[in-house]
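Engineer: This is the content of upload-v4.pdb (PDB, C-alpha atoms):
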```pdb
ATOM      1  CA  MET A   1     -34.078  14.413  26.369
ATOM      2  CA  ASP A   2     -32.067  17.322  24.986
ATOM      3  CA  ILE A   3     -28.751  16.377  23.327
ATOM      4  CA  ASP A   4     -25.973  18.967  23.240
ATOM      5  CA  ALA A   5     -24.650  20.180  19.874
ATOM      6  CA  TRP A   6     -21.197  18.754  20.494
ATOM      7  CA  VAL A   7     -22.691  15.254  20.792
ATOM      8  CA  TRP A   8     -24.422  15.688  17.421
ATOM      9  CA  TRP A   9     -21.101  16.672  15.855
ATOM     10  CA  LEU A  10     -19.461  13.548  17.294
ATOM     11  CA  ILE A  11     -22.308  11.424  15.947
ATOM     12  CA  GLY A  12     -21.724  13.085  12.568
ATOM     13  CA  ALA A  13     -18.004  12.325  12.803
ATOM     14  CA  VAL A  14     -18.734   8.661  13.437
ATOM     15  CA  GLY A  15     -21.252   8.709  10.581
ATOM     16  CA  LEU A  16     -18.557  10.100   8.267
ATOM     17  CA  GLY A  17     -16.110   7.465   9.472
ATOM     18  CA  ILE A  18     -18.342   4.632   8.258
ATOM     19  CA  PRO A  19     -18.065   5.450   4.527
ATOM     20  CA  LEU A  20     -14.352   6.087   5.079
ATOM     21  CA  VAL A  21     -13.952   2.472   6.119
ATOM     22  CA  LEU A  22     -16.333   1.094   3.489
ATOM     23  CA  THR A  23     -15.051   3.054   0.492
ATOM     24  CA  ALA A  24     -11.454   3.835   1.503
ATOM     25  CA  MET A  25     -11.998   7.441   0.414
ATOM     26  CA  PRO A  26      -9.831   9.573   2.712
ATOM     27  CA  GLU A  27     -11.998  12.637   2.128
ATOM     28  CA  PHE A  28     -14.607  11.194   4.493
ATOM     29  CA  GLY A  29     -11.952  11.020   7.200
ATOM     30  CA  MET A  30     -11.088  14.658   6.631
ATOM     31  CA  PHE A  31     -14.752  15.615   6.995
ATOM     32  CA  ALA A  32     -14.891  13.513  10.173
ATOM     33  CA  VAL A  33     -11.947  15.468  11.609
ATOM     34  CA  GLY A  34     -13.783  18.679  10.702
ATOM     35  CA  ALA A  35     -16.825  17.413  12.615
ATOM     36  CA  VAL A  36     -14.666  16.637  15.662
ATOM     37  CA  ALA A  37     -13.240  20.178  15.505
ATOM     38  CA  ALA A  38     -16.780  21.593  15.302
ATOM     39  CA  SER A  39     -17.697  19.423  18.284
ATOM     40  CA  ALA A  40     -14.867  21.016  20.266
ATOM     41  CA  VAL A  41     -16.139  24.491  19.346
ATOM     42  CA  ALA A  42     -19.643  23.495  20.433
ATOM     43  CA  ALA A  43     -18.344  22.102  23.730
ATOM     44  CA  LEU A  44     -16.520  25.389  24.381
ATOM     45  CA  GLY A  45     -19.775  27.297  23.880
ATOM     46  CA  GLY A  46     -19.391  28.505  20.303
ATOM     47  CA  GLY A  47     -22.527  29.286  18.347
ATOM     48  CA  ILE A  48     -23.861  27.325  15.378
ATOM     49  CA  VAL A  49     -22.239  29.733  12.901
ATOM     50  CA  ALA A  50     -18.821  29.219  14.524
ATOM     51  CA  GLN A  51     -19.347  25.454  14.579
ATOM     52  CA  VAL A  52     -20.264  25.255  10.894
ATOM     53  CA  LEU A  53     -17.461  27.645   9.960
ATOM     54  CA  VAL A  54     -14.872  25.549  11.838
ATOM     55  CA  PHE A  55     -16.244  22.360  10.257
ATOM     56  CA  VAL A  56     -15.949  23.812   6.752
ATOM     57  CA  LEU A  57     -12.552  25.442   7.296
ATOM     58  CA  VAL A  58     -10.937  22.373   8.887
ATOM     59  CA  SER A  59     -12.403  19.990   6.285
ATOM     60  CA  VAL A  60     -11.390  22.151   3.312
ATOM     61  CA  ALA A  61      -7.938  22.820   4.765
ATOM     62  CA  LEU A  62      -7.314  19.105   5.265
ATOM     63  CA  ILE A  63      -8.478  18.286   1.758
ATOM     64  CA  ALA A  64      -6.361  21.096   0.283
ATOM     65  CA  VAL A  65      -3.225  20.047   2.183
ATOM     66  CA  VAL A  66      -3.454  16.272   2.620
ATOM     67  CA  ARG A  67      -4.754  15.193  -0.812
ATOM     68  CA  PRO A  68      -1.791  16.590  -2.812
ATOM     69  CA  ILE A  69       0.665  15.062  -0.345
ATOM     70  CA  ALA A  70      -1.095  11.687  -0.563
ATOM     71  CA  ALA A  71      -1.185  11.877  -4.370
ATOM     72  CA  ARG A  72       2.573  12.570  -4.523
ATOM     73  CA  HIS A  73       3.213   9.721  -2.106
ATOM     74  CA  ARG A  74       1.103   7.302  -4.149
ATOM     75  CA  ALA A  75       2.753   8.372  -7.409
ATOM     76  CA  GLY A  76       6.219   7.810  -5.946
ATOM     77  CA  GLN A  77       5.468   4.220  -4.977
ATOM     78  CA  THR A  78       4.333   2.938  -8.355
ATOM     79  CA  GLY A  79       7.879   2.238  -9.552
ATOM     80  CA  GLN A  80       8.852   0.111  -6.570
ATOM     81  CA  ALA A  81       8.433  -3.619  -7.008
ATOM     82  CA  SER A  82       7.780  -5.815  -4.009
ATOM     83  CA  GLY A  83       7.400  -9.495  -3.245
ATOM     84  CA  ILE A  84       8.243 -11.867  -6.072
ATOM     85  CA  ASP A  85       8.129  -8.993  -8.569
ATOM     86  CA  ALA A  86      11.209  -7.564  -6.860
ATOM     87  CA  LEU A  87      13.105 -10.808  -7.547
ATOM     88  CA  LYS A  88      12.601 -10.697 -11.315
ATOM     89  CA  GLY A  89      15.711  -9.463 -13.081
ATOM     90  CA  ARG A  90      17.996 -10.150 -10.114
ATOM     91  CA  GLN A  91      21.134 -12.217 -10.347
ATOM     92  CA  ALA A  92      21.534 -15.522  -8.496
ATOM     93  CA  VAL A  93      24.295 -18.090  -7.949
ATOM     94  CA  VAL A  94      23.797 -21.721  -8.940
ATOM     95  CA  LEU A  95      24.212 -24.087  -5.985
ATOM     96  CA  GLU A  96      23.186 -27.346  -7.675
ATOM     97  CA  ARG A  97      23.155 -27.967 -11.419
ATOM     98  CA  VAL A  98      20.181 -26.185 -13.041
ATOM     99  CA  SER A  99      18.523 -27.579 -16.156
ATOM    100  CA  ALA A 100      15.003 -27.700 -17.521
ATOM    101  CA  ASP A 101      14.344 -30.468 -14.989
ATOM    102  CA  GLY A 102      15.349 -28.359 -11.968
ATOM    103  CA  GLY A 103      18.171 -27.382  -9.663
ATOM    104  CA  ARG A 104      18.968 -25.001  -6.817
ATOM    105  CA  ILE A 105      20.098 -21.382  -6.720
ATOM    106  CA  LYS A 106      20.852 -18.803  -4.047
ATOM    107  CA  LEU A 107      18.646 -15.771  -4.661
ATOM    108  CA  ALA A 108      18.451 -12.766  -2.338
ATOM    109  CA  GLY A 109      20.131 -14.751   0.447
ATOM    110  CA  GLU A 110      17.729 -17.701   0.208
ATOM    111  CA  VAL A 111      17.922 -21.085  -1.485
ATOM    112  CA  TRP A 112      15.346 -21.472  -4.272
ATOM    113  CA  SER A 113      14.448 -24.294  -6.580
ATOM    114  CA  ALA A 114      15.124 -23.277 -10.155
ATOM    115  CA  ARG A 115      14.819 -24.423 -13.734
ATOM    116  CA  SER A 116      16.333 -23.072 -16.916
ATOM    117  CA  TYR A 117      14.280 -20.977 -19.301
ATOM    118  CA  ASP A 118      15.555 -22.829 -22.353
ATOM    119  CA  ALA A 119      15.281 -26.618 -22.304
ATOM    120  CA  ASP A 120      18.795 -26.951 -23.751
ATOM    121  CA  GLN A 121      20.544 -24.713 -21.217
ATOM    122  CA  VAL A 122      22.415 -26.190 -18.258
ATOM    123  CA  PHE A 123      24.089 -24.135 -15.532
ATOM    124  CA  GLU A 124      26.774 -25.599 -13.290
ATOM    125  CA  PRO A 125      27.385 -24.733  -9.608
ATOM    126  CA  GLY A 126      29.083 -21.368  -9.184
ATOM    127  CA  ASN A 127      27.635 -19.880 -12.368
ATOM    128  CA  LYS A 128      25.696 -16.640 -12.146
ATOM    129  CA  VAL A 129      22.225 -16.615 -13.681
ATOM    130  CA  ASP A 130      19.506 -14.019 -14.195
ATOM    131  CA  VAL A 131      16.023 -14.617 -12.842
ATOM    132  CA  ILE A 132      13.485 -14.210 -15.648
ATOM    133  CA  GLU A 133      10.342 -14.996 -13.660
ATOM    134  CA  ILE A 134       9.046 -16.767 -10.577
ATOM    135  CA  ASP A 135       6.759 -19.707 -11.286
ATOM    136  CA  GLY A 136       5.180 -20.727  -7.986
ATOM    137  CA  ALA A 137       8.140 -21.489  -5.744
ATOM    138  CA  THR A 138      10.534 -22.013  -8.666
ATOM    139  CA  ALA A 139      12.772 -19.382 -10.202
ATOM    140  CA  VAL A 140      13.053 -19.536 -13.979
ATOM    141  CA  VAL A 141      16.615 -18.561 -14.899
ATOM    142  CA  MET A 142      18.666 -17.736 -17.938
TER     143      MET A 142
END
```
Take the structure in this file and express it as structure tokens.

Structural biologist:
Amino acid sequence: MDIDAWVWWLIGAVGLGIPLVLTAMPEFGMFAVGAVAASAVAALGGGIVAQVLVFVLVSVALIAVVRPIAARHRAGQTGQASGIDALKGRQAVVLERVSADGGRIKLAGEVWSARSYDADQVFEPGNKVDVIEIDGATAVVM
């Protein structure tokens, strides 16, 4: 059984996709795309030199172009808080009296259980408080 060159390139692309999934290294995906491009050249009748040249050029071009863009994108996201980290430092309105024993606040449009940071502090309904931290499902306020 004689297997065409383009099939071997596709097998190589799949083989490069496996470490991409296992290691989350995008470079393997770029090499896999290069192998798919080489497979297309092989299917169109290009020689082995053309196939290897297309594989190398496409892979290197993707690495040269995509990696810097991905690095800039990753660097820009580090300053953005999400989830409960995004709630820290926000202001809330007291709905039910908040003391060290508990209470209720409205934070980011939702009702949260809350307790005061200092045991001696008490906040009455209508007061504005700052969220210091989130402890489980309870906002610690000041």

Engineer: Adding 3 Å on each side of the box along x, y and z that holds all listed atoms of range 132-141 of chain A, could you give its centre and edge lengths in Å to one decimal, as AutoDock Vina command-line options?

Structural biologist:
```
--center_x 10.9 --center_y -18.1 --center_z -10.7 --size_x 17.4 --size_y 13.8 --size_z 15.9
```

Engineer: Quick one: of A:Leu62, A:Leu44, A:Ile11, A:Val140, who's nearest to Ala119 in chain A, counting all atoms listed in the file?

Structural biologist: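 Nearest to Ala119 in chain A: A:Val140.
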
Engineer: Rounded to one decimal in Å, what is the spacing between CA of Leu53 in chain A and CA of Ala35 in chain A?

Structural biologist: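 Result for CA of Leu53 in chain A versus CA of Ala35 in chain A: 10.6 Å, one decimal.
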
Engineer: Fewer than 2 positions away in the same chain doesn't count, so skip those; otherwise give me all residues within 10 Å of Asn127 in chain A, counting only C-alpha atoms, as a short mmCIF file (atom, residue, chain, number, x, y, z; two decimals) with C-alpha atoms, in the coordinates of the input.

Structural biologist:
```
data_model
loop_
_atom_site.label_atom_id
_atom_site.label_comp_id
_atom_site.auth_asym_id
_atom_site.auth_seq_id
_atom_site.Cartn_x
_atom_site.Cartn_y
_atom_site.Cartn_z
CA ALA A 92 21.53 -15.52 -8.50
CA VAL A 93 24.30 -18.09 -7.95
CA VAL A 94 23.80 -21.72 -8.94
CA LEU A 95 24.21 -24.09 -5.98
CA GLU A 96 23.19 -27.35 -7.68
CA ARG A 97 23.16 -27.97 -11.42
CA VAL A 98 20.18 -26.18 -13.04
CA ILE A 105 20.10 -21.38 -6.72
CA PHE A 123 24.09 -24.14 -15.53
CA GLU A 124 26.77 -25.60 -13.29
CA PRO A 125 27.38 -24.73 -9.61
CA VAL A 129 22.22 -16.61 -13.68
#
```

Engineer: Tell me which of A:Val49, A:Ala139, A:Leu10, A:Ala40 sits closest to Asp85 in chain A, counting all atoms listed in the file.

Structural biologist: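 Checking each of A:Val49, A:Ala139, A:Leu10, A:Ala40 against Asp85 in chain A, counting all atoms listed in the file, the winner is A:Ala139.
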
Engineer: Distance CA of Val65 in chain A-CA of Met30 in chain A, one decimal place?

Structural biologist: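 We find that CA of Val65 in chain A and CA of Met30 in chain A lie 10.5 Å from each other.
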
Engineer: Can you work out the spacing between CA of Val58 in chain A and CA of Gly34 in chain A in Å, to one decimal?

Structural biologist: 5.0 Å

Engineer: Given the file above and the PyMOL selection byres ((chain A and resi 27) around 10), which residues are selected, and can you give them as a list in words?

Structural biologist: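 When the PyMOL selection byres ((chain A and resi 27) around 10) is applied to the shown file, the picked residues are Leu16, Gly17, Pro19, Leu20, Ala24, Met25, Pro26, Phe28, Gly29, Met30, Phe31, Ala32, Val33, Ser59, Val60, Leu62, Ile63, Val66 and Arg67 of chain A.
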
Engineer: Please identify all polymer residues within 7 Å of Gln51 in chain A, counting only C-alpha atoms, omitting same-chain residues fewer than 3 positions from it, and present them as a list in words.

Structural biologist: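 Residues near the query, excluding close chain neighbours: Ala38, Val41, Ala42, Gly46, Gly47, Ile48, Val54 and Phe55 of chain A.
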
Engineer: Would you kindly return, as a list in words, each protein, DNA or RNA residue with an atom no farther than 8 Å from any atom of Gln91 in chain A, considering all atoms listed in the file and excluding same-chain residues fewer than 6 positions away?

Structural biologist: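 Counting only the stated atoms, we get Leu107, Lys128, Val129, Asp130 and Val131 of chain A.
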
Engineer: Applying 12 Å and only C-alpha atoms, which residues near Ala43 in chain A remain after dropping the ones on its own chain fewer than 6 positions away? List them as a ChimeraX atom specification.

Structural biologist: /A:3-10,36-37,50-51
